[in-house]
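Visitor: Please read through the structure below; I'll follow up with questions.
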Amino acid sequence: MIRAVLSLLLVLGAISSAFSASDKKYIPKSGKRIPQTLSRGWGDQLIWAQTYEEALYWSRSRNKPLLVVFHLEDCPHSQAMKKVVANNYEIQKVLDEDFIVLNLVYETTDKNLTPDGQYVPRFLFVDPSMTVRADVVGPYGNRLYAYEPQDLNTLKKSMENAKKLLKVEL
């Protein structure tokens with residue numbers, strides 16, 4: 001009798017151990033990670049293009065300007081700007097309704113996308129004719145396409161300028 005009970009407990013223990021091992025998920029030492037999407041935190045409700053080529057196609061076919069955001073995940077300036085842009089209702093609404101958006105965490109070999117150098121964060125506007133709008137700039141003379149969190153109104157004006165140029169020139 002005791003032998004049967006011990007055998008039953010051993011079998012039940014093995015079965016419960018097998019089920020609990022399959023339920024465990026890897027959690028890094030730094031803590032649980034947030035799932036990554038194409039938005040990379042810049043606005044989860046927006047539809048983001050996956051590649052520059054796809055973004056150009058969408059821009060041309062929908063007749064909307066393209067906003068390309070160059071950033072790095074570990075850059076404090078990029079992180080600060082990402083937080084401000086993602087939490088600003090007006091910017092998110094305008095991006096959703098009037099722009100094609102793409103964010104890149106790598107540099108490109110296209111020299112048109114680095115008109116004044118490679119730095120982050122960098123916001124470039126491209127019109128549907130696939131022309132980089134070098135005339136839509138931020139507030140800094142040494143980094144023409146850079147914006148910082150305190151420059152949110154300037155970014156909004158740049159977005160409006162990109163939309164106006166689209167209507168005037170196309």
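Following the order of the structure tokens, first chain is A, next is B, and so on, with residues numbered from 1 inside each chain and ligands from 1 in the order they appear.
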As a VMD selection string, please: the residues near stretch 126-131 of chain A (cut-off 7 Å, only C-alpha atoms, same-chain neighbours under 4 positions excluded).

Guide: chain A and resid 56 59 to 60 63 to 67 166

Visitor: Store the residues of this selection in a file with C-alpha atoms, as a PDB file, in the first residue's frame.

Guide:
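Contents of again.pdb, freshly written:
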ATOM      1  CA  LEU A  56       8.593  56.168 -50.423  1.00  0.00           C
ATOM      2  CA  SER A  59       4.215  58.519 -49.797  1.00  0.00           C
ATOM      3  CA  ARG A  60       3.922  58.545 -53.569  1.00  0.00           C
ATOM      4  CA  ASN A  63       0.318  61.728 -51.921  1.00  0.00           C
ATOM      5  CA  LYS A  64       1.489  62.420 -48.372  1.00  0.00           C
ATOM      6  CA  PRO A  65       4.859  63.716 -47.192  1.00  0.00           C
ATOM      7  CA  LEU A  66       7.185  61.261 -45.475  1.00  0.00           C
ATOM      8  CA  LEU A  67       8.793  61.944 -42.099  1.00  0.00           C
ATOM      9  CA  LEU A 166       3.268  69.662 -50.712  1.00  0.00           C
TER      10      LEU A 166
END

Visitor: Within 8 Å of A:Leu102, counting only C-alpha atoms, which residues qualify if same-chain residues fewer than 2 places away don't, as a list of chain:residue names?

Guide: A:Trp48, A:Ala49, A:Gln50, A:Thr51, A:Tyr52, A:Ala55, A:Leu66, A:Leu67, A:Val68, A:Val69, A:Ile100, A:Leu104

Visitor: In stretch 52-87 of chain A, what's helix (DSSP H, G or I) per DSSP? Answer as an MDAnalysis selection string?

Guide: chainID A and resid 52:62 76:86

Visitor: If we count only C-alpha atoms and set the cut-off at 7 Å, which residues sit around stretch 147-154 of chain A, ignoring sequence neighbours fewer than 5 positions away in its own chain? Please answer as a PyMOL selection string.

Guide: chain A and resi 80-81+84+138

Visitor: Write a file of the just-selected residues containing C-alpha atoms, as a PDB file, in the first residue's frame.

Guide:
ATOM      1  CA  ALA A  80      13.863  62.280 -24.551  1.00  0.00           C
ATOM      2  CA  MET A  81      12.522  63.310 -27.950  1.00  0.00           C
ATOM      3  CA  VAL A  84       7.771  63.956 -25.950  1.00  0.00           C
ATOM      4  CA  GLY A 138      14.922  72.766 -37.103  1.00  0.00           C
TER       5      GLY A 138
END

Visitor: Please, what distance in Å, to one decimal, runs between atom CA of A:Lys83 and atom CA of A:Pro121?

Guide: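 Answer for the atom CA of A:Lys83 to atom CA of A:Pro121 separation: 12.3 Å.
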
Visitor: Measure the distance from atom CA of A:Asp96 to atom CA of A:Lys156 in Å and round it to one decimal.

Guide: 13.5 Å

Visitor: Hey, which bits of stretch 52-102 of chain A sit within 8 Å of stretch 42-45 of chain A, and for each residue what's the closest pair of atoms and how far apart in Å (one decimal), counting only C-alpha atoms, rows by chain and increasing number, as a tab-separated table?

Guide:
residue	atom	partner	partner_atom	distance
A:Lys82	CA	A:Trp42	CA	5.4
A:Lys83	CA	A:Trp42	CA	7.2
A:Val85	CA	A:Trp42	CA	6.5
A:Ala86	CA	A:Trp42	CA	4.9
A:Asn87	CA	A:Gly43	CA	7.9
A:Gln92	CA	A:Gly43	CA	6.9

Visitor: To one decimal place in Å, what is the distance between atom CA of A:His71 and atom CA of A:Arg122?

Guide: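 Straight-line distance from atom CA of A:His71 to atom CA of A:Arg122 works out to 6.8 Å.
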
Visitor: List as a PyMOL selection string the protein and nucleic acid residues near A:Leu113, meaning an atom at most 9 Å away when only C-alpha atoms are counted, but skip any in the same chain fewer than 6 places from it.

Guide: chain A and resi 68+107+124+132

Visitor: Using only C-alpha atoms, which of the listed residues (A:Lys164, A:Asp116, A:Phe123, A:Ser158) sits closest to A:Gly141?

Guide: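 Of A:Lys164, A:Asp116, A:Phe123, A:Ser158, the one nearest A:Gly141 is A:Asp116, counting only C-alpha atoms.
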